[in-house]
>>> print(open('structure_23.tsv').read())   # TSV, C-alpha atoms
chain	number	residue	atom	x	y	z
S	1	MET	CA	-28.36	45.23	-9.05
S	2	SER	CA	-31.90	44.72	-10.22
S	3	GLY	CA	-32.08	48.38	-11.26
S	4	ALA	CA	-29.08	48.02	-13.54
S	5	SER	CA	-30.43	44.74	-14.85
S	6	ASP	CA	-33.80	46.37	-15.66
S	7	GLN	CA	-32.03	49.18	-17.44
S	8	ARG	CA	-29.99	46.70	-19.50
S	9	SER	CA	-33.04	44.72	-20.56
S	10	SER	CA	-35.08	47.83	-21.36
S	11	THR	CA	-32.16	49.18	-23.42
S	12	ALA	CA	-31.91	45.84	-25.21
S	13	ARG	CA	-35.62	45.93	-26.01
S	14	ALA	CA	-35.33	49.49	-27.29
S	15	LEU	CA	-32.37	48.53	-29.46
S	16	ARG	CA	-34.29	45.60	-30.86
S	17	ASP	CA	-37.23	47.83	-31.70
S	18	HIS	CA	-34.88	50.33	-33.30
S	19	LEU	CA	-33.36	47.60	-35.46
S	20	ALA	CA	-36.78	46.35	-36.51
S	21	GLY	CA	-37.28	49.77	-38.13
S	22	ALA	CA	-33.78	50.66	-39.27
S	23	ALA	CA	-32.60	47.20	-40.34
S	24	PRO	CA	-35.65	45.01	-40.95
S	25	PHE	CA	-33.55	42.36	-42.71
S	26	ALA	CA	-31.62	41.61	-39.49
S	27	GLU	CA	-32.38	38.59	-37.42
S	28	THR	CA	-32.20	39.75	-33.81
S	29	ASP	CA	-32.05	37.95	-30.55
S	30	VAL	CA	-31.64	39.22	-26.99
S	31	ARG	CA	-29.44	37.31	-24.62
S	32	PRO	CA	-30.09	37.27	-20.85
S	33	ASP	CA	-27.22	39.69	-20.17
S	34	GLY	CA	-28.80	42.32	-22.41
S	35	GLU	CA	-26.60	41.74	-25.46
S	36	VAL	CA	-28.50	42.00	-28.71
S	37	VAL	CA	-27.31	39.45	-31.23
S	38	VAL	CA	-27.76	40.69	-34.80
S	39	ARG	CA	-27.34	38.21	-37.65
S	40	VAL	CA	-27.26	39.62	-41.16
S	41	PRO	CA	-26.23	38.41	-44.61
S	42	PRO	CA	-22.90	39.78	-45.87
S	43	ASP	CA	-24.36	42.33	-48.29
S	44	LYS	CA	-26.39	43.96	-45.51
S	45	ALA	CA	-23.57	44.15	-42.98
S	46	VAL	CA	-22.74	47.82	-43.58
S	47	ALA	CA	-26.40	48.86	-43.32
S	48	ALA	CA	-26.79	46.90	-40.08
S	49	ALA	CA	-23.63	48.42	-38.65
S	50	GLU	CA	-24.86	51.91	-39.49
S	51	ALA	CA	-28.19	51.12	-37.87
S	52	LEU	CA	-26.39	50.02	-34.70
S	53	ALA	CA	-24.12	53.07	-34.71
S	54	GLY	CA	-27.19	55.30	-35.17
S	55	PHE	CA	-29.13	53.97	-32.21
S	56	GLN	CA	-30.31	56.79	-29.93
S	57	PRO	CA	-29.77	57.69	-27.14
S	58	HIS	CA	-27.04	55.08	-26.82
S	59	PRO	CA	-25.16	54.91	-30.13
S	60	LEU	CA	-23.10	51.73	-30.40
S	61	ASN	CA	-19.91	53.59	-31.16
S	62	TYR	CA	-17.29	51.50	-29.40
S	63	LEU	CA	-16.08	48.42	-31.24
S	64	SER	CA	-14.44	46.34	-28.58
S	65	CYS	CA	-13.61	43.19	-30.50
S	66	VAL	CA	-13.83	41.45	-33.84
S	67	SER	CA	-13.63	37.68	-33.61
S	68	GLY	CA	-13.47	35.13	-36.34
S	69	VAL	CA	-15.06	31.76	-35.69
S	70	ASP	CA	-14.34	28.85	-37.99
S	71	ARG	CA	-17.27	26.45	-38.24
S	72	PRO	CA	-16.12	23.62	-40.48
S	73	ASP	CA	-19.21	21.50	-39.75
S	74	GLU	CA	-21.37	24.24	-41.27
S	75	ASP	CA	-18.80	25.17	-43.94
S	76	GLN	CA	-18.87	28.73	-42.74
S	77	ILE	CA	-16.70	31.31	-41.07
S	78	GLU	CA	-18.53	33.66	-38.76
S	79	VAL	CA	-17.17	37.11	-38.02
S	80	VAL	CA	-18.47	38.60	-34.79
S	81	TYR	CA	-18.28	42.36	-34.17
S	82	THR	CA	-18.79	43.05	-30.47
S	83	VAL	CA	-19.89	46.65	-29.99
S	84	HIS	CA	-20.67	48.68	-26.91
S	85	SER	CA	-22.07	52.11	-26.32
S	86	LEU	CA	-19.85	54.60	-24.54
S	87	PRO	CA	-22.75	56.82	-23.35
S	88	GLY	CA	-24.97	54.02	-22.10
S	89	PRO	CA	-25.48	50.36	-21.30
S	90	ALA	CA	-26.34	49.13	-24.80
S	91	LYS	CA	-24.27	46.32	-26.27
S	92	ALA	CA	-24.64	44.15	-29.31
S	93	SER	CA	-22.83	41.64	-31.41
S	94	LEU	CA	-23.12	41.79	-35.15
S	95	ARG	CA	-22.59	38.40	-36.74
S	96	VAL	CA	-21.88	37.86	-40.40
S	97	ARG	CA	-21.20	34.53	-42.02
S	98	VAL	CA	-19.28	33.67	-45.15
S	99	ASP	CA	-18.75	30.44	-47.04
S	100	ARG	CA	-15.38	29.06	-46.00
S	101	LYS	CA	-15.08	26.83	-49.07
S	102	ALA	CA	-14.90	29.81	-51.40
S	103	GLU	CA	-11.64	30.57	-53.16
S	104	ARG	CA	-11.63	34.03	-51.63
S	105	PRO	CA	-14.24	34.33	-48.86
S	106	SER	CA	-15.07	38.00	-48.70
S	107	LEU	CA	-17.12	40.27	-46.50
S	108	PRO	CA	-17.66	44.03	-46.65
S	109	SER	CA	-15.29	45.91	-44.37
S	110	LEU	CA	-16.86	47.90	-41.55
S	111	VAL	CA	-13.93	50.28	-41.17
S	112	GLN	CA	-16.06	53.10	-42.54
S	113	VAL	CA	-18.50	52.64	-39.64
S	114	TRP	CA	-16.08	51.72	-36.85
S	115	PRO	CA	-12.48	52.77	-37.64
S	116	ALA	CA	-11.26	50.44	-34.89
S	117	ALA	CA	-12.12	47.52	-37.15
S	118	ASP	CA	-8.97	48.20	-39.17
S	119	TYR	CA	-6.47	46.09	-37.20
S	120	HIS	CA	-9.10	43.57	-36.10
S	121	GLU	CA	-10.14	42.80	-39.65
S	122	ARG	CA	-6.51	42.45	-40.64
S	123	GLU	CA	-6.13	39.88	-37.87
S	124	VAL	CA	-9.16	37.91	-39.07
S	125	TYR	CA	-7.79	38.07	-42.60
S	126	ASP	CA	-4.37	36.96	-41.43
S	127	LEU	CA	-5.42	34.02	-39.31
S	128	LEU	CA	-8.67	32.86	-40.92
S	129	GLY	CA	-8.44	34.06	-44.50
S	130	VAL	CA	-11.47	36.33	-44.82
S	131	TRP	CA	-10.99	39.15	-47.32
S	132	PHE	CA	-12.65	42.39	-46.24
S	133	GLU	CA	-13.72	44.33	-49.31
S	134	GLY	CA	-13.16	48.06	-48.99
S	135	HIS	CA	-10.58	47.70	-46.23
S	136	PRO	CA	-7.98	50.48	-46.59
S	137	ASP	CA	-4.93	48.33	-45.87
S	138	LEU	CA	-5.60	44.63	-45.90
S	139	ARG	CA	-2.23	43.04	-45.08
S	140	ARG	CA	-1.13	40.34	-42.70
S	141	ILE	CA	-0.72	41.80	-39.24
S	142	LEU	CA	0.74	39.04	-37.05
S	143	LEU	CA	2.44	36.62	-39.41
S	144	ALA	CA	5.18	37.31	-41.90
S	145	GLU	CA	4.14	38.47	-45.35
S	146	THR	CA	5.65	35.30	-46.79
S	147	PHE	CA	3.51	32.98	-44.67
S	148	GLU	CA	1.34	30.59	-46.65
S	149	GLY	CA	-2.12	29.69	-45.43
S	150	HIS	CA	-4.32	30.84	-42.60
S	151	PRO	CA	-3.35	28.93	-39.49
S	152	LEU	CA	-6.43	29.28	-37.30
S	153	ARG	CA	-8.63	27.44	-39.74
S	154	LYS	CA	-9.48	24.10	-38.22
S	155	ASP	CA	-8.20	22.18	-41.21
S	156	PHE	CA	-4.91	24.08	-41.44
S	157	VAL	CA	-2.95	21.28	-39.83
S	158	GLN	CA	-4.19	18.70	-42.32
S	159	ASN	CA	-3.90	20.94	-45.36
S	160	ARG	CA	-0.78	22.93	-44.74
S	161	PRO	CA	2.18	22.40	-46.99
S	162	PRO	CA	5.08	20.46	-45.47
S	163	ARG	CA	6.61	22.80	-42.98
S	164	ARG	CA	9.96	24.16	-44.02
S	165	ARG	CA	12.03	24.37	-40.89
S	166	VAL	CA	14.05	27.51	-40.34
S	167	THR	CA	17.68	26.50	-40.28
S	168	ARG	CA	20.87	28.35	-39.61
S	169	GLU	CA	21.63	28.34	-43.33
S	170	ASP	CA	18.61	30.59	-43.94
S	171	TYR	CA	20.28	33.35	-42.00
S	172	GLN	CA	23.77	33.20	-43.39
S	173	PRO	CA	24.77	36.39	-45.21
D	1	MET	CA	39.95	70.66	8.55
D	2	GLU	CA	41.76	67.35	8.55
D	3	LEU	CA	42.39	67.84	4.88
D	4	LYS	CA	44.01	71.17	5.45
D	5	ARG	CA	46.85	69.68	7.46
D	6	ARG	CA	50.11	69.35	5.57
D	7	CYS	CA	52.00	66.14	5.66
D	8	GLY	CA	54.52	64.24	3.64
D	9	ARG	CA	56.63	66.19	1.26
D	10	GLY	CA	55.77	69.47	-0.38
D	11	ASP	CA	52.52	71.27	0.28
D	12	LEU	CA	50.10	68.58	-0.80
D	13	PRO	CA	47.06	68.21	1.45
D	14	CYS	CA	46.74	64.85	3.14
D	15	ALA	CA	43.56	63.09	4.15
D	16	ARG	CA	45.35	60.71	6.45
D	17	PRO	CA	44.32	61.16	10.09
D	18	GLU	CA	46.94	62.36	12.43
D	19	GLY	CA	49.07	59.62	13.87
D	20	MET	CA	48.50	57.14	11.04
D	21	ARG	CA	51.49	56.12	8.97
D	22	LEU	CA	51.65	54.26	5.71
D	23	VAL	CA	53.10	50.86	6.41
D	24	GLU	CA	53.75	48.34	3.68
D	25	LYS	CA	53.01	44.91	4.96
D	26	PRO	CA	54.03	41.87	2.95
D	27	GLY	CA	50.46	40.50	2.99
D	28	ASP	CA	48.95	43.67	1.49
D	29	HIS	CA	50.05	42.69	-1.99
D	30	SER	CA	48.33	39.36	-2.02
D	31	ILE	CA	45.96	39.23	-4.97
D	32	PRO	CA	42.98	36.98	-5.55
D	33	LYS	CA	43.77	33.54	-6.84
D	34	GLU	CA	41.56	33.95	-9.91
D	35	SER	CA	43.29	37.18	-10.96
D	36	PRO	CA	45.62	36.89	-13.96
D	37	LEU	CA	48.13	39.16	-12.24
D	38	ARG	CA	51.21	37.65	-10.66
D	39	ARG	CA	53.42	39.72	-8.41
D	40	VAL	CA	57.09	39.30	-9.12
D	41	LEU	CA	58.51	42.21	-7.13
D	42	PRO	CA	56.94	44.78	-4.84
D	43	GLY	CA	54.87	46.94	-7.18
D	44	VAL	CA	55.63	44.84	-10.26
D	45	PHE	CA	53.07	42.48	-11.76
D	46	ILE	CA	53.16	40.36	-14.85
D	47	ALA	CA	50.27	38.78	-16.71
D	48	ASN	CA	49.50	36.86	-19.84
D	49	LEU	CA	47.99	39.45	-22.18
D	50	GLN	CA	45.18	37.17	-23.33
D	51	GLN	CA	44.33	36.37	-19.75
D	52	LEU	CA	44.33	40.05	-18.92
D	53	LEU	CA	42.00	40.82	-21.84
D	54	ASN	CA	39.66	38.01	-20.89
D	55	TRP	CA	39.69	39.16	-17.30
D	56	GLY	CA	38.57	42.62	-18.36
D	57	ARG	CA	36.00	41.33	-20.78
D	58	LYS	CA	34.37	38.84	-18.52
D	59	ASN	CA	33.92	41.36	-15.76
D	60	SER	CA	32.31	43.94	-17.99
D	61	LEU	CA	29.85	41.90	-20.02
D	62	TRP	CA	27.32	44.44	-21.17
D	63	TYR	CA	24.10	43.08	-22.55
D	64	MET	CA	21.67	44.51	-24.98
D	65	THR	CA	18.37	46.06	-23.94
D	66	PHE	CA	16.28	43.58	-25.83
D	67	GLY	CA	13.39	41.59	-24.39
D	68	ILE	CA	11.21	39.41	-26.54
D	69	ALA	CA	8.55	37.80	-24.37
D	70	CYS	CA	7.66	36.99	-20.77
D	71	CYS	CA	11.23	35.88	-19.92
D	72	ALA	CA	12.22	39.51	-20.40
D	73	ILE	CA	10.29	40.39	-17.25
D	74	GLU	CA	12.45	37.97	-15.32
D	75	MET	CA	15.55	39.32	-17.02
D	76	MET	CA	14.59	42.84	-15.94
D	77	ALA	CA	14.08	41.58	-12.40
D	78	THR	CA	17.54	40.06	-12.51
D	79	GLY	CA	18.98	43.32	-13.71
D	80	ALA	CA	17.18	45.33	-11.05
D	81	SER	CA	18.31	45.90	-7.50
D	82	ARG	CA	17.14	42.69	-5.84
D	83	TRP	CA	19.39	40.36	-7.85
D	84	ASP	CA	21.50	43.10	-9.39
D	85	LEU	CA	23.44	41.93	-12.42
D	86	ASP	CA	25.41	45.13	-12.03
D	87	ARG	CA	27.56	43.61	-9.30
D	88	PHE	CA	28.98	41.23	-11.93
D	89	GLY	CA	29.78	44.16	-14.19
D	90	SER	CA	26.81	43.52	-16.46
D	91	PHE	CA	24.24	46.07	-17.32
D	92	PHE	CA	21.94	47.10	-20.12
D	93	ARG	CA	23.28	48.89	-23.14
D	94	ALA	CA	20.66	50.35	-25.42
D	95	SER	CA	22.60	49.80	-28.63
D	96	PRO	CA	23.88	46.60	-30.22
D	97	ARG	CA	27.10	48.44	-31.09
D	98	GLN	CA	27.92	48.76	-27.41
D	99	ALA	CA	26.74	45.34	-26.29
D	100	ASP	CA	28.94	42.33	-25.64
D	101	PHE	CA	26.21	39.76	-25.44
D	102	MET	CA	22.47	39.42	-25.65
D	103	PHE	CA	19.90	37.53	-23.68
D	104	ILE	CA	17.40	35.85	-25.98
D	105	SER	CA	14.61	36.24	-23.50
D	106	GLY	CA	11.55	34.57	-24.92
D	107	THR	CA	9.78	32.92	-27.82
D	108	VAL	CA	11.35	33.76	-31.16
D	109	ASN	CA	8.74	33.58	-33.86
D	110	GLU	CA	9.60	33.57	-37.52
D	111	LYS	CA	8.77	37.21	-37.96
D	112	MET	CA	10.95	38.20	-35.01
D	113	ALA	CA	13.79	35.93	-36.18
D	114	GLU	CA	14.93	38.43	-38.78
D	115	ALA	CA	15.14	41.19	-36.18
D	116	VAL	CA	17.09	38.96	-33.81
D	117	LYS	CA	19.52	38.04	-36.56
D	118	LEU	CA	19.90	41.68	-37.59
D	119	LEU	CA	20.64	42.80	-34.04
D	120	TYR	CA	23.13	39.97	-33.62
D	121	ASP	CA	24.90	41.01	-36.80
D	122	GLN	CA	25.07	44.61	-35.59
D	123	MET	CA	26.90	43.65	-32.41
D	124	ALA	CA	30.66	44.05	-32.49
D	125	GLU	CA	32.95	41.06	-32.05
D	126	PRO	CA	33.61	39.45	-29.69
D	127	LYS	CA	29.99	38.70	-28.89
D	128	TRP	CA	28.10	36.03	-27.06
D	129	VAL	CA	24.51	34.84	-26.83
D	130	LEU	CA	22.65	33.48	-23.84
D	131	ALA	CA	19.41	31.65	-24.65
D	132	MET	CA	17.04	32.18	-21.77
D	133	GLY	CA	14.09	29.91	-21.13
D	134	ALA	CA	12.53	26.89	-22.78
D	135	CYS	CA	11.34	28.77	-25.87
D	136	ALA	CA	14.71	30.25	-26.74
D	137	CYS	CA	16.43	26.91	-26.11
D	138	THR	CA	14.15	24.58	-28.06
D	139	GLY	CA	10.86	26.25	-28.88
D	140	GLY	CA	9.49	25.08	-25.55
D	141	PRO	CA	5.73	24.60	-25.40
D	142	PHE	CA	5.45	26.06	-28.91
D	143	ALA	CA	7.88	23.67	-30.59
D	144	GLY	CA	6.50	22.56	-33.93
D	145	SER	CA	4.01	25.42	-34.02
D	146	TYR	CA	3.30	27.15	-37.30
D	147	ASN	CA	5.17	30.32	-36.52
D	148	VAL	CA	7.84	29.60	-33.91
D	149	VAL	CA	11.57	29.05	-34.44
D	150	ASP	CA	12.40	25.86	-32.56
D	151	GLY	CA	15.28	27.25	-30.58
D	152	VAL	CA	17.16	30.43	-31.36
D	153	ASP	CA	20.28	28.35	-32.14
D	154	LYS	CA	18.68	27.73	-35.52
D	155	ILE	CA	19.41	31.31	-36.48
D	156	ILE	CA	22.37	32.49	-34.37
D	157	PRO	CA	25.08	30.67	-32.41
D	158	VAL	CA	24.24	30.25	-28.74
D	159	ASP	CA	26.88	30.01	-26.04
D	160	VAL	CA	24.87	29.34	-22.89
D	161	TYR	CA	21.44	27.77	-22.53
D	162	VAL	CA	19.42	28.47	-19.41
D	163	PRO	CA	16.33	26.25	-19.23
D	164	GLY	CA	13.20	27.13	-17.28
D	165	CYS	CA	9.82	28.63	-17.96
D	166	PRO	CA	10.90	31.23	-17.11
D	167	PRO	CA	14.23	30.61	-15.35
D	168	ARG	CA	14.48	32.02	-11.85
D	169	PRO	CA	16.81	35.00	-11.56
D	170	GLU	CA	19.21	32.75	-9.68
D	171	ALA	CA	19.35	30.43	-12.69
D	172	LEU	CA	19.99	33.37	-14.96
D	173	LEU	CA	22.79	34.56	-12.70
D	174	ASP	CA	24.31	31.11	-12.91
D	175	GLY	CA	24.04	31.34	-16.69
D	176	LEU	CA	25.90	34.63	-16.59
D	177	LEU	CA	28.63	33.07	-14.43
D	178	GLN	CA	28.93	30.22	-16.93
D	179	LEU	CA	29.30	32.80	-19.65
D	180	GLN	CA	31.98	34.59	-17.65
D	181	ARG	CA	33.85	31.34	-17.28
D	182	LEU	CA	33.57	30.83	-21.02
D	183	VAL	CA	34.85	34.33	-21.77
D	184	GLY	CA	37.75	33.80	-19.36
D	185	ARG	CA	38.94	30.80	-21.38
D	186	GLU	CA	38.67	32.51	-24.76
D	187	GLY	CA	41.89	32.18	-26.75
D	188	LEU	CA	43.62	30.13	-24.08
D	189	GLU	CA	42.19	26.76	-24.96
D	190	PHE	CA	39.96	25.34	-27.63
D	191	VAL	CA	36.51	26.82	-27.05
D	192	PRO	CA	34.09	25.93	-29.83
D	193	ARG	CA	31.72	28.82	-30.43
D	194	GLY	CA	28.01	28.39	-30.63
D	195	THR	CA	27.67	25.32	-28.49
D	196	ALA	CA	26.32	25.14	-25.02
D	197	ALA	CA	28.47	25.66	-21.98
D	198	GLY	CA	28.24	22.70	-19.70
D	199	ALA	CA	26.71	23.06	-16.31
D	200	GLY	CA	28.65	22.78	-13.10
D	201	GLU	CA	32.15	23.61	-12.07
D	202	GLY	CA	34.63	23.56	-14.90
D	203	GLY	CA	32.01	23.55	-17.63
D	204	GLY	CA	31.64	20.95	-20.32
D	205	ARG	CA	33.96	22.41	-22.88
D	206	SER	CA	37.43	21.53	-21.73
>>> encode(input="structure_23.tsv", output="structure tokens")
Amino acid sequence: MSGASDQRSSTARALRDHLAGAAPFAETDVRPDGEVVVRVPPDKAVAAAEALAGFQPHPLNYLSCVSGVDRPDEDQIEVVYTVHSLPGPAKASLRVRVDRKAERPSLPSLVQVWPAADYHEREVYDLLGVWFEGHPDLRRILLAETFEGHPLRKDFVQNRPPRRRVTREDYQP
Amino acid sequence: MELKRRCGRGDLPCARPEGMRLVEKPGDHSIPKESPLRRVLPGVFIANLQQLLNWGRKNSLWYMTFGIACCAIEMMATGASRWDLDRFGSFFRASPRQADFMFISGTVNEKMAEAVKLLYDQMAEPKWVLAMGACACTGGPFAGSYNVVDGVDKIIPVDVYVPGCPPRPEALLDGLLQLQRLVGREGLEFVPRGTAAGAGEGGGRS
């Protein structure tokens, strides 16, 4: 166990050193389990993602999850890209924040770096209302196209329009 | 070798073992009480045509291969060999054109509602709907949620409601028997469509 743990922490240190050179603007932090937390401003997200994907000898080429976190107390929405390395033990989470009060909160899409981000970013767009600029096909993925609002925002319940109940009349020919 | 032996008239082979004779006993023509057939003479039966149709329909209720959510797992278990819906004459048909009724087996969200309605419209009359589980009956734990239809009876008429989360296969079998009872009364008495069948013997409709 301790051998694997040592390898994880040494990999995390190496990744942090790599980022200090390849993405000096990133604010990095290493968690006890060896995950490197990378916080970047929105306009540097693509550069940071490319730096992560270019890490050698363990390129972070496997995007396992994209989460959206609504933080109404900070007026921000945080998008977390959790990435792993298929060849090795490296793992990282790339965190980008956007102002949730904006009319159209937008972040650069990372589909060009990790193609798996396609559906995940659509889900974040669908449920939290973050527009990903440069996304090839930004549509709602879970809810109907006619749905109004983004239901996983914490204030959705207070702000949503009066809910129109589906009735049998809606489905009469 | 037994089959080779000639018996009766002509040269037809006979599978009857040697020494056995066909004997018509009066009791052999007794028919089940629930059957619409009534024997009036030896070999002659009469029936009400509507009763006969219903009898055929209710014992061959084919349901559509359509599972929505976790209740579908229980529906599949009910259809498989342990509980075996097949012994009631019900089995999966993969096309709405061939199906007599459909289990609504799970949460119907507003995006799925259109597909459910479309499949219902594609089924040929006469057709029935069995709402399976709390979600299909009322929305269940998701009632009032932003994307869930609060009960599938908001979009299509439902004939039998089976509550549970999910219902046990035994409960689903009981729902099917209620539906059979409903189908057996079709056209013979006033059966309002799209309302729930009552539970228990006799149902709540009469």
>>> closest_residue(input="structure_23.tsv", among="D:Tyr120, D:Trp128, D:Tyr161, D:Phe103", to="chain S", atoms="all atoms listed in the file")
D:Tyr120
>>> residues_near_point(input="structure_23.tsv", point="(-12.6, 32.0, -51.1)", cutoff="12 Å", atoms="only C-alpha atoms", output="VMD selection string")
chain S and resid 75 to 77 98 to 107 125 128 to 132 150
>>> closest_residue(input="structure_23.tsv", among="D:Leu85, D:Ala80, D:Val108, D:Ala47", to="Gly67 of chain D", atoms="all atoms listed in the file")
D:Val108
>>> closest_residue(input="structure_23.tsv", among="D:Leu182, D:Ala124, D:Leu118, D:Ala134", to="chain S", atoms="all atoms listed in the file")
D:Leu118
>>> residues_around(input="structure_23.tsv", residues="Asn54 of chain D", least_positions_apart="3", cutoff="7 Å", atoms="all atoms listed in the file", output="list in words")
Gln50, Gln51, Arg57, Lys58, Val183, Gly184 and Glu186 of chain D
>>> interface_residues(input="structure_23.tsv", of="chain D", to="chain S", cutoff="7 Å", atoms="all atoms listed in the file", output="PyMOL selection string")
chain D and resi 111+149+154-156
>>> write_last_selection(input="structure_23.tsv", atoms="C-alpha atoms", output="PDB file, in the frame of the given file")
ATOM      1  CA  LYS D 111       8.770  37.210 -37.960  1.00  0.00           C
ATOM      2  CA  VAL D 149      11.570  29.050 -34.440  1.00  0.00           C
ATOM      3  CA  LYS D 154      18.680  27.730 -35.520  1.00  0.00           C
ATOM      4  CA  ILE D 155      19.410  31.310 -36.480  1.00  0.00           C
ATOM      5  CA  ILE D 156      22.370  32.490 -34.370  1.00  0.00           C
TER       6      ILE D 156
END
>>> residues_around(input="structure_23.tsv", residues="segment 28-36 of chain S", least_positions_apart="3", cutoff="12 Å", atoms="all atoms listed in the file", output="PyMOL selection string")
chain S and resi 4-20+23-25+39-40+48+52+60+81-85+89-95
>>> atom_distance(input="structure_23.tsv", atom1="atom CA of Ser95 of chain D", atom2="atom CA of Lys117 of chain D")
14.5 Å
>>> closest_residue(input="structure_23.tsv", among="D:Ser60, D:Gln180, D:Asn48, D:Thr107", to="Asp86 of chain D", atoms="all atoms listed in the file")
D:Ser60
>>> closest_residue(input="structure_23.tsv", among="S:Gln56, S:Ala22, S:Tyr62, S:Pro42", to="Ser109 of chain S", atoms="all atoms listed in the file")
S:Pro42
>>> residues_near_point(input="structure_23.tsv", point="(25.9, 40.3, -15.7)", cutoff="10 Å", atoms="all atoms listed in the file", output="compact mmCIF listing (two decimals) with C-alpha atoms, in the frame of the given file")
# COMPACT_ATOMS: atom_id res chain seq x y z
CA LYS D 58 34.37 38.84 -18.52
CA ASN D 59 33.92 41.36 -15.76
CA SER D 60 32.31 43.94 -17.99
CA LEU D 61 29.85 41.90 -20.02
CA TRP D 62 27.32 44.44 -21.17
CA TYR D 63 24.10 43.08 -22.55
CA THR D 78 17.54 40.06 -12.51
CA GLY D 79 18.98 43.32 -13.71
CA ASP D 84 21.50 43.10 -9.39
CA LEU D 85 23.44 41.93 -12.42
CA ASP D 86 25.41 45.13 -12.03
CA ARG D 87 27.56 43.61 -9.30
CA PHE D 88 28.98 41.23 -11.93
CA GLY D 89 29.78 44.16 -14.19
CA SER D 90 26.81 43.52 -16.46
CA PHE D 91 24.24 46.07 -17.32
CA PHE D 92 21.94 47.10 -20.12
CA PHE D 101 26.21 39.76 -25.44
CA LEU D 172 19.99 33.37 -14.96
CA LEU D 173 22.79 34.56 -12.70
CA ASP D 174 24.31 31.11 -12.91
CA GLY D 175 24.04 31.34 -16.69
CA LEU D 176 25.90 34.63 -16.59
CA LEU D 177 28.63 33.07 -14.43
CA LEU D 179 29.30 32.80 -19.65
CA GLN D 180 31.98 34.59 -17.65
>>> atom_distance(input="structure_23.tsv", atom1="atom CA of Gly56 of chain D", atom2="atom CA of Gln122 of chain D")
22.0 Å
>>> atom_distance(input="structure_23.tsv", atom1="atom CA of Asn159 of chain S", atom2="atom CA of Asp153 of chain D")
28.5 Å
>>> residues_around(input="structure_23.tsv", residues="Lys154 of chain S", least_positions_apart="6", cutoff="9 Å", atoms="only C-alpha atoms", output="list of chain:residue names")
S:Asp70, S:Arg71, S:Pro72
>>> axis_aligned_box(input="structure_23.tsv", around="segment 37-56 of chain D", padding_each_side="8 Å", output="JSON")
{"center_x": 48.5, "center_y": 41.7, "center_z": -14.1, "size_x": 35.9, "size_y": 26.6, "size_z": 34.5}
>>> residues_around(input="structure_23.tsv", residues="segment 141-148 of chain D", least_positions_apart="2", cutoff="6 Å", atoms="all atoms listed in the file", output="NGL selection string")
:D and (109-110 or 139 or 150)
>>> build_atoms(input="structure_23.tsv", residues="segment 134-146 of chain D", atoms="N, CA and C atoms", output="CSV table (one decimal), keeping the file's coordinate frame")
chain,number,residue,atom,x,y,z
D,134,ALA,N,12.8,28.1,-21.9
D,134,ALA,CA,12.5,26.9,-22.8
D,134,ALA,C,12.3,27.3,-24.2
D,135,CYS,N,11.6,28.4,-24.5
D,135,CYS,CA,11.3,28.8,-25.9
D,135,CYS,C,12.6,29.1,-26.6
D,136,ALA,N,13.5,29.9,-26.0
D,136,ALA,CA,14.7,30.2,-26.7
D,136,ALA,C,15.6,29.1,-26.9
D,137,CYS,N,15.6,28.1,-26.0
D,137,CYS,CA,16.4,26.9,-26.1
D,137,CYS,C,15.9,26.0,-27.2
D,138,THR,N,14.6,25.6,-27.2
D,138,THR,CA,14.2,24.6,-28.1
D,138,THR,C,12.8,24.9,-28.7
D,139,GLY,N,12.2,26.0,-28.5
D,139,GLY,CA,10.9,26.2,-28.9
D,139,GLY,C,9.9,26.0,-27.7
D,140,GLY,N,10.3,25.3,-26.8
D,140,GLY,CA,9.5,25.1,-25.6
D,140,GLY,C,8.1,24.6,-25.8
D,141,PRO,N,7.1,25.1,-25.2
D,141,PRO,CA,5.7,24.6,-25.4
D,141,PRO,C,5.2,24.9,-26.8
D,142,PHE,N,5.9,25.7,-27.6
D,142,PHE,CA,5.4,26.1,-28.9
D,142,PHE,C,6.2,25.3,-30.0
D,143,ALA,N,7.1,24.4,-29.6
D,143,ALA,CA,7.9,23.7,-30.6
D,143,ALA,C,7.0,23.0,-31.6
D,144,GLY,N,7.3,23.2,-32.9
D,144,GLY,CA,6.5,22.6,-33.9
D,144,GLY,C,5.3,23.4,-34.3
D,145,SER,N,5.1,24.6,-33.7
D,145,SER,CA,4.0,25.4,-34.0
D,145,SER,C,4.2,26.1,-35.4
D,146,TYR,N,3.2,26.7,-35.9
D,146,TYR,CA,3.3,27.2,-37.3
D,146,TYR,C,4.2,28.4,-37.5
